[in-house]
Structure formats: structure tokens, C-alpha cells
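Asker: To be precise about what I am sending: the file is called structure-v2.cif and holds mmCIF, C-alpha atoms; chains and numbers go by the auth columns.
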```
data_run
loop_
_atom_site.group_PDB
_atom_site.id
_atom_site.type_symbol
_atom_site.label_atom_id
_atom_site.label_comp_id
_atom_site.label_asym_id
_atom_site.label_seq_id
_atom_site.Cartn_x
_atom_site.Cartn_y
_atom_site.Cartn_z
_atom_site.B_iso_or_equiv
_atom_site.auth_seq_id
_atom_site.auth_asym_id
ATOM 1 C CA MET A 1 33.837 59.365 -38.868 0.00 17 A
ATOM 2 C CA ILE A 2 36.197 56.437 -38.200 0.00 18 A
ATOM 3 C CA THR A 3 37.118 53.976 -40.935 0.00 19 A
ATOM 4 C CA THR A 4 38.862 50.615 -40.960 0.00 20 A
ATOM 5 C CA ASP A 5 39.601 48.274 -43.842 0.00 21 A
ATOM 6 C CA ARG A 6 36.033 46.943 -43.828 0.00 22 A
ATOM 7 C CA LEU A 7 34.015 49.311 -41.650 0.00 23 A
ATOM 8 C CA ARG A 8 32.873 52.895 -41.302 0.00 24 A
ATOM 9 C CA LEU A 9 31.733 54.218 -37.918 0.00 25 A
ATOM 10 C CA ARG A 10 29.595 57.344 -37.816 0.00 26 A
ATOM 11 C CA PRO A 11 27.819 59.077 -34.924 0.00 27 A
ATOM 12 C CA LEU A 12 24.361 57.742 -34.171 0.00 28 A
ATOM 13 C CA THR A 13 21.490 60.230 -34.396 0.00 29 A
ATOM 14 C CA GLU A 14 17.763 60.179 -33.798 0.00 30 A
ATOM 15 C CA ALA A 15 17.386 59.453 -37.530 0.00 31 A
ATOM 16 C CA ASP A 16 18.644 55.932 -36.666 0.00 32 A
ATOM 17 C CA THR A 17 15.629 55.174 -34.442 0.00 33 A
ATOM 18 C CA ASP A 18 13.929 52.597 -36.682 0.00 34 A
ATOM 19 C CA TRP A 19 17.217 50.822 -37.383 0.00 35 A
ATOM 20 C CA TRP A 20 18.066 50.794 -33.629 0.00 36 A
ATOM 21 C CA VAL A 21 14.714 49.155 -32.841 0.00 37 A
ATOM 22 C CA ARG A 22 15.277 46.520 -35.576 0.00 38 A
ATOM 23 C CA LEU A 23 18.804 45.768 -34.306 0.00 39 A
ATOM 24 C CA HIS A 24 17.444 45.081 -30.831 0.00 40 A
ATOM 25 C CA THR A 25 14.444 42.945 -31.806 0.00 41 A
ATOM 26 C CA ASP A 26 16.518 39.747 -32.020 0.00 42 A
ATOM 27 C CA ASP A 27 16.338 38.018 -28.619 0.00 43 A
ATOM 28 C CA GLU A 28 19.944 36.819 -28.937 0.00 44 A
ATOM 29 C CA VAL A 29 21.209 40.319 -29.774 0.00 45 A
ATOM 30 C CA ASN A 30 19.336 41.999 -26.930 0.00 46 A
ATOM 31 C CA ARG A 31 19.937 39.232 -24.370 0.00 47 A
ATOM 32 C CA PHE A 32 22.585 41.359 -22.628 0.00 48 A
ATOM 33 C CA VAL A 33 21.742 44.882 -23.789 0.00 49 A
ATOM 34 C CA GLY A 34 17.937 44.838 -23.716 0.00 50 A
ATOM 35 C CA GLY A 35 15.293 45.630 -26.287 0.00 51 A
ATOM 36 C CA TYR A 36 13.762 48.964 -27.226 0.00 52 A
ATOM 37 C CA HIS A 37 10.407 50.145 -28.431 0.00 53 A
ATOM 38 C CA ARG A 38 10.396 53.228 -30.660 0.00 54 A
ATOM 39 C CA GLU A 39 9.996 55.824 -27.888 0.00 55 A
ATOM 40 C CA GLN A 40 12.795 54.267 -25.807 0.00 56 A
ATOM 41 C CA ALA A 41 15.063 54.112 -28.843 0.00 57 A
ATOM 42 C CA ALA A 42 14.408 57.749 -29.725 0.00 58 A
ATOM 43 C CA ALA A 43 15.172 58.797 -26.134 0.00 59 A
ATOM 44 C CA ARG A 44 18.385 56.734 -26.064 0.00 60 A
ATOM 45 C CA LEU A 45 19.531 58.150 -29.398 0.00 61 A
ATOM 46 C CA HIS A 46 18.744 61.678 -28.201 0.00 62 A
ATOM 47 C CA ALA A 47 20.973 61.030 -25.168 0.00 63 A
ATOM 48 C CA ILE A 48 23.718 59.705 -27.472 0.00 64 A
ATOM 49 C CA GLN A 49 23.515 62.868 -29.614 0.00 65 A
ATOM 50 C CA ASP A 50 23.690 64.952 -26.446 0.00 66 A
ATOM 51 C CA GLN A 51 26.810 63.061 -25.334 0.00 67 A
ATOM 52 C CA TRP A 52 28.436 63.777 -28.708 0.00 68 A
ATOM 53 C CA THR A 53 27.719 67.470 -28.178 0.00 69 A
ATOM 54 C CA ARG A 54 28.837 67.627 -24.540 0.00 70 A
ATOM 55 C CA ARG A 55 31.779 65.188 -24.505 0.00 71 A
ATOM 56 C CA GLY A 56 32.908 64.947 -28.142 0.00 72 A
ATOM 57 C CA HIS A 57 32.297 61.206 -28.298 0.00 73 A
ATOM 58 C CA GLY A 58 29.480 58.711 -28.196 0.00 74 A
ATOM 59 C CA LEU A 59 28.128 55.576 -29.813 0.00 75 A
ATOM 60 C CA CYS A 60 28.405 55.026 -33.553 0.00 76 A
ATOM 61 C CA ALA A 61 26.560 53.075 -36.182 0.00 77 A
ATOM 62 C CA VAL A 62 28.933 50.540 -37.729 0.00 78 A
ATOM 63 C CA GLU A 63 28.480 50.205 -41.477 0.00 79 A
ATOM 64 C CA LEU A 64 30.102 47.937 -44.040 0.00 80 A
ATOM 65 C CA ARG A 65 32.258 50.112 -46.288 0.00 81 A
ATOM 66 C CA SER A 66 31.514 47.858 -49.248 0.00 82 A
ATOM 67 C CA THR A 67 27.717 48.295 -49.106 0.00 83 A
ATOM 68 C CA GLY A 68 26.894 51.005 -46.552 0.00 84 A
ATOM 69 C CA GLU A 69 24.725 48.520 -44.633 0.00 85 A
ATOM 70 C CA ALA A 70 24.490 49.288 -40.906 0.00 86 A
ATOM 71 C CA ILE A 71 25.437 46.054 -39.127 0.00 87 A
ATOM 72 C CA GLY A 72 25.849 47.123 -35.515 0.00 88 A
ATOM 73 C CA ARG A 73 26.976 49.756 -33.095 0.00 89 A
ATOM 74 C CA SER A 74 30.171 50.523 -31.240 0.00 90 A
ATOM 75 C CA GLY A 75 31.712 53.530 -29.595 0.00 91 A
ATOM 76 C CA LEU A 76 32.217 55.242 -26.278 0.00 92 A
ATOM 77 C CA ASN A 77 29.642 55.855 -23.580 0.00 93 A
ATOM 78 C CA TRP A 78 30.202 58.111 -20.570 0.00 94 A
ATOM 79 C CA TRP A 79 28.720 56.748 -17.342 0.00 95 A
ATOM 80 C CA GLU A 80 28.203 59.605 -14.888 0.00 96 A
ATOM 81 C CA GLU A 81 27.501 57.236 -11.972 0.00 97 A
ATOM 82 C CA PHE A 82 30.818 55.402 -12.470 0.00 98 A
ATOM 83 C CA ASP A 83 32.861 58.423 -13.647 0.00 99 A
ATOM 84 C CA GLU A 84 34.065 56.182 -16.495 0.00 100 A
ATOM 85 C CA THR A 85 34.105 56.022 -20.261 0.00 101 A
ATOM 86 C CA GLU A 86 33.031 52.613 -21.534 0.00 102 A
ATOM 87 C CA ILE A 87 33.520 51.038 -24.930 0.00 103 A
ATOM 88 C CA GLY A 88 30.689 48.920 -26.226 0.00 104 A
ATOM 89 C CA TRP A 89 29.724 46.843 -29.228 0.00 105 A
ATOM 90 C CA THR A 90 26.505 45.211 -30.398 0.00 106 A
ATOM 91 C CA PHE A 91 26.067 43.606 -33.814 0.00 107 A
ATOM 92 C CA ALA A 92 23.216 42.034 -35.746 0.00 108 A
ATOM 93 C CA ARG A 93 23.396 38.250 -35.428 0.00 109 A
ATOM 94 C CA ALA A 94 23.934 37.789 -39.184 0.00 110 A
ATOM 95 C CA HIS A 95 27.260 39.591 -38.721 0.00 111 A
ATOM 96 C CA TRP A 96 28.581 37.649 -35.731 0.00 112 A
ATOM 97 C CA GLY A 97 31.771 35.660 -36.164 0.00 113 A
ATOM 98 C CA HIS A 98 33.366 37.899 -38.801 0.00 114 A
ATOM 99 C CA GLY A 99 35.639 39.889 -36.473 0.00 115 A
ATOM 100 C CA TYR A 100 33.628 43.093 -36.875 0.00 116 A
ATOM 101 C CA ALA A 101 33.307 43.773 -33.126 0.00 117 A
ATOM 102 C CA THR A 102 37.061 43.478 -32.607 0.00 118 A
ATOM 103 C CA GLU A 103 37.838 45.557 -35.709 0.00 119 A
ATOM 104 C CA ALA A 104 35.418 48.324 -34.739 0.00 120 A
ATOM 105 C CA ALA A 105 36.542 48.325 -31.099 0.00 121 A
ATOM 106 C CA ARG A 106 40.232 48.541 -32.061 0.00 122 A
ATOM 107 C CA ALA A 107 39.461 51.663 -34.075 0.00 123 A
ATOM 108 C CA VAL A 108 37.409 53.148 -31.221 0.00 124 A
ATOM 109 C CA LEU A 109 40.225 52.468 -28.741 0.00 125 A
ATOM 110 C CA ALA A 110 42.774 54.152 -31.027 0.00 126 A
ATOM 111 C CA TRP A 111 40.462 57.170 -31.217 0.00 127 A
ATOM 112 C CA GLY A 112 39.806 57.207 -27.457 0.00 128 A
ATOM 113 C CA PHE A 113 43.436 56.883 -26.405 0.00 129 A
ATOM 114 C CA GLY A 114 44.723 58.999 -29.296 0.00 130 A
ATOM 115 C CA PRO A 115 42.858 62.190 -30.233 0.00 131 A
ATOM 116 C CA LEU A 116 40.496 62.069 -27.227 0.00 132 A
ATOM 117 C CA GLY A 117 43.361 61.566 -24.765 0.00 133 A
ATOM 118 C CA LEU A 118 41.523 59.174 -22.438 0.00 134 A
ATOM 119 C CA GLN A 119 43.625 57.494 -19.747 0.00 135 A
ATOM 120 C CA GLN A 120 41.393 54.444 -19.183 0.00 136 A
ATOM 121 C CA ILE A 121 38.466 52.833 -20.982 0.00 137 A
ATOM 122 C CA THR A 122 36.236 50.208 -19.421 0.00 138 A
ATOM 123 C CA ALA A 123 34.094 47.451 -20.896 0.00 139 A
ATOM 124 C CA MET A 124 31.108 46.453 -18.764 0.00 140 A
ATOM 125 C CA ILE A 125 30.251 42.875 -19.674 0.00 141 A
ATOM 126 C CA HIS A 126 27.241 41.121 -18.208 0.00 142 A
ATOM 127 C CA HIS A 127 27.814 37.710 -16.707 0.00 143 A
ATOM 128 C CA GLY A 128 27.407 34.961 -19.301 0.00 144 A
ATOM 129 C CA ASN A 129 28.307 37.149 -22.281 0.00 145 A
ATOM 130 C CA THR A 130 31.248 34.972 -23.311 0.00 146 A
ATOM 131 C CA ALA A 131 31.492 36.428 -26.822 0.00 147 A
ATOM 132 C CA SER A 132 31.979 39.989 -25.545 0.00 148 A
ATOM 133 C CA ALA A 133 34.395 38.786 -22.866 0.00 149 A
ATOM 134 C CA ALA A 134 36.471 37.134 -25.621 0.00 150 A
ATOM 135 C CA VAL A 135 36.513 40.371 -27.644 0.00 151 A
ATOM 136 C CA ALA A 136 37.622 42.294 -24.543 0.00 152 A
ATOM 137 C CA ARG A 137 40.480 39.814 -23.937 0.00 153 A
ATOM 138 C CA ARG A 138 41.607 40.087 -27.580 0.00 154 A
ATOM 139 C CA LEU A 139 41.740 43.860 -27.147 0.00 155 A
ATOM 140 C CA GLY A 140 43.897 43.618 -24.011 0.00 156 A
ATOM 141 C CA PHE A 141 41.259 44.334 -21.355 0.00 157 A
ATOM 142 C CA THR A 142 41.597 42.740 -17.928 0.00 158 A
ATOM 143 C CA PRO A 143 38.977 42.387 -15.175 0.00 159 A
ATOM 144 C CA LEU A 144 38.866 45.418 -12.871 0.00 160 A
ATOM 145 C CA ARG A 145 35.874 44.769 -10.570 0.00 161 A
ATOM 146 C CA GLU A 146 32.464 43.199 -10.208 0.00 162 A
ATOM 147 C CA ASP A 147 29.595 45.671 -10.380 0.00 163 A
ATOM 148 C CA SER A 148 25.974 46.093 -11.410 0.00 164 A
ATOM 149 C CA VAL A 149 24.889 47.888 -14.575 0.00 165 A
ATOM 150 C CA LEU A 150 21.240 48.620 -15.225 0.00 166 A
ATOM 151 C CA GLY A 151 20.363 46.340 -12.323 0.00 167 A
ATOM 152 C CA ARG A 152 22.279 43.327 -13.643 0.00 168 A
ATOM 153 C CA PRO A 153 25.619 41.926 -12.448 0.00 169 A
ATOM 154 C CA CYS A 154 28.621 42.450 -14.685 0.00 170 A
ATOM 155 C CA THR A 155 32.371 42.278 -14.731 0.00 171 A
ATOM 156 C CA VAL A 156 33.955 45.628 -15.468 0.00 172 A
ATOM 157 C CA HIS A 157 37.091 45.170 -17.562 0.00 173 A
ATOM 158 C CA ALA A 158 39.632 47.972 -18.050 0.00 174 A
ATOM 159 C CA LEU A 159 42.372 48.976 -20.446 0.00 175 A
ATOM 160 C CA THR A 160 44.736 51.847 -19.748 0.00 176 A
ATOM 161 C CA ARG A 161 46.363 54.083 -22.291 0.00 177 A
ATOM 162 C CA GLU A 162 49.748 52.516 -21.391 0.00 178 A
ATOM 163 C CA GLY A 163 48.342 48.994 -21.696 0.00 179 A
ATOM 164 C CA HIS A 164 46.898 49.828 -25.089 0.00 180 A
ATOM 165 C CA ALA A 165 50.201 51.306 -26.302 0.00 181 A
ATOM 166 C CA ALA A 166 52.088 48.215 -25.086 0.00 182 A
ATOM 167 C CA GLY A 167 49.630 45.822 -26.758 0.00 183 A
#
```
Take the structure in this file and express it as C-alpha cells.
Answerer:
Amino acid sequence: MITTDRLRLRPLTEADTDWWVRLHTDDEVNRFVGGYHREQAAARLHAIQDQWTRRGHGLCAVELRSTGEAIGRSGLNWWEEFDETEIGWTFARAHWGHGYATEAARAVLAWGFGPLGLQQITAMIHHGNTASAAVARRLGFTPLREDSVLGRPCTVHALTREGHAAG
């Protein structure tokens, strides 16, 4: 579990299936990450649990420490096809604009570059996702390459361990 002043991040599990589906029902939330029906969500969460077991990291539910309410997700995702570890963040629209994505991602980066010993972390941001691009810039990421993720064009941003330490 990772904690910040306002947030608690805990590993996602298949028990989060209904919440995951609700998070992704908002068209604005899922505009860049896609929606899920229950079976898809359960399969995705199973894969996340498997990544936690195999790699020692994965995506987390982000909860408000003050209430325990789950407000989004953030964490690390290993992409076999890119041989890269990506950081990601998705939050319920009611919680946009409060700095939660940046706060959660800063904690995830400290974990990834610290105890996990990663050398580079990427952020794959679909074209047009200006809010996520702004978060990535605040965190010190810079564009690395253009690519395609899940069949959609994106800019892959990167942050190295040295860049993070200097920031």
C-alpha cells in the first residue's frame, strides 16, 4: 500500500470488478481508456492481479484517505510488446481538477524508481488527451516516440530514474 497526504493506493483485485465497471461508464472518463462490461473488467482485473504476482507491481485503486472512497486508479503496467513499464492514471470525473492524478503518480514514480529499481517509466498518452499530457509534463516526462496502443495513436512519454532524481 502507498499513501500520500490525501490518498491511499492499494492493489486492484477481482473484488473491484463492479467499481471498475462504474468508473468506466462515464463517456468522458473512458474516452481515452475505453469502457468495460463486467466480464471484460473481471478479465482485466485478473490480469492485473497476475502482474502483481509475477512482477511485484501493477495498477492500484486510489482511495481518499479521509473517507476510503475509491476515486480512480493509478499504478504501473508492464507491456510485454513494448518491453516497458508504463505509469497510468484514470479518475472519476467528479474528482478531476483536484491534483489527485499528479499526487498519485508522484507516489507511484517514487515507488517505481525507489524500491522497484526501475530505470525508465513511460506514459502512453492518446492524442487529444491534453489533461494527461499536462500531468505527464508536471511529473517531468518528455516525449519519446509516436506509437499505437490498443489500435489508437499515442505519444509515448518517458522519464528516467536520473531525470526523476533531478526533478
Asker: How would you write, as a list in words, the residues chosen by the PyMOL selection byres ((chain A and resi 34) around 12) on this structure?
Answerer: Leu28, Thr29, Glu30, Ala31, Asp32, Thr33, Trp35, Trp36, Val37, Arg38, Leu39, His40, Thr41, Tyr52, His53, Arg54, Glu55, Gln56, Ala57, Ala58, Leu61 and Ala86 of chain A
Asker: Might you spell out which residues the PyMOL selection byres ((chain A and resi 68-72) around 12) would select in the displayed file, as a list in words?
Answerer: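 Applying the expression gives Arg26, Pro27, Leu28, Thr29, Leu61, His62, Ala63, Ile64, Gln65, Asp66, Gln67, His73, Gly74, Leu75, Cys76, Gly91, Leu92, Asn93, Trp94, Trp95, Glu96, Thr101, Trp127, Gly128, Pro131, Leu132, Gly133 and Leu134 of chain A.
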Asker: Would you pick out the contacts of Ile18 in chain A at 9 Å or less, using all atoms listed in the file, so that residues sharing its chain but fewer than 4 positions from it are not included, and give the list as a list in words?
Answerer: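 Contacts, with the query itself left out: Leu23, Arg24, Leu25, Arg26, Ala120, Ala123, Val124 and Trp127 of chain A.
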Asker: Taking the file as shown, what set of residues would the PyMOL selection byres ((chain A and resi 161) around 12) give back, as a ChimeraX atom specification?
Answerer: /A:98,138-141,158-160,162-164,169-174
Asker: CA of Ala126 in chain A to CA of Glu100 in chain A: how many Å, to one decimal?
Answerer: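 Result for CA of Ala126 in chain A versus CA of Glu100 in chain A: 17.1 Å, one decimal.
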Asker: Have a look at CA of Ser148 in chain A and CA of Ile103 in chain A and let me know their distance in Å, one decimal.
Answerer: 11.2 Å
Asker: For a test of reading the model, state the distance in Å between CA of Val78 in chain A and CA of Ala149 in chain A, rounded to one decimal.
Answerer: 19.7 Å
Asker: Neighbouring residues of Trp112 in chain A were defined as those with any atom within 10 Å, considering only C-alpha atoms; residues of the same chain fewer than 6 positions away were excluded. Please report them as a list of chain:residue names.
Answerer: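 So, after excluding close chain neighbours, the residues are A:Val45, A:Ile87, A:Gly88, A:Thr106, A:Ala147.
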Asker: Quick one: of A:Leu166, A:Ala110, A:Leu175, A:Ala150, who's nearest to Ile137 in chain A, counting only C-alpha atoms?
Answerer: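 So, comparing all the options, the nearest one is A:Leu175.
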Asker: Let me have the centre and edge lengths in Å, one decimal, of the box along x, y and z around every listed atom of range 44-59 of chain A with 5 Å of margin on each side, as AutoDock Vina command-line options.
Answerer:
```
--center_x 16.3 --center_y 47.8 --center_z -26.6 --size_x 22.6 --size_y 32.0 --size_z 18.0
```
Asker: Which residue out of A:Thr118, A:Ala181, A:Thr176, A:Leu125 has the minimum interatomic distance to Arg154 in chain A when only C-alpha atoms are used?
Answerer: A:Thr118
Asker: Looking at A:His143, A:Arg81, A:Arg177, A:Arg153, which one is nearest to Met17 in chain A, with distances taken over all atoms listed in the file?
Answerer: A:Arg81
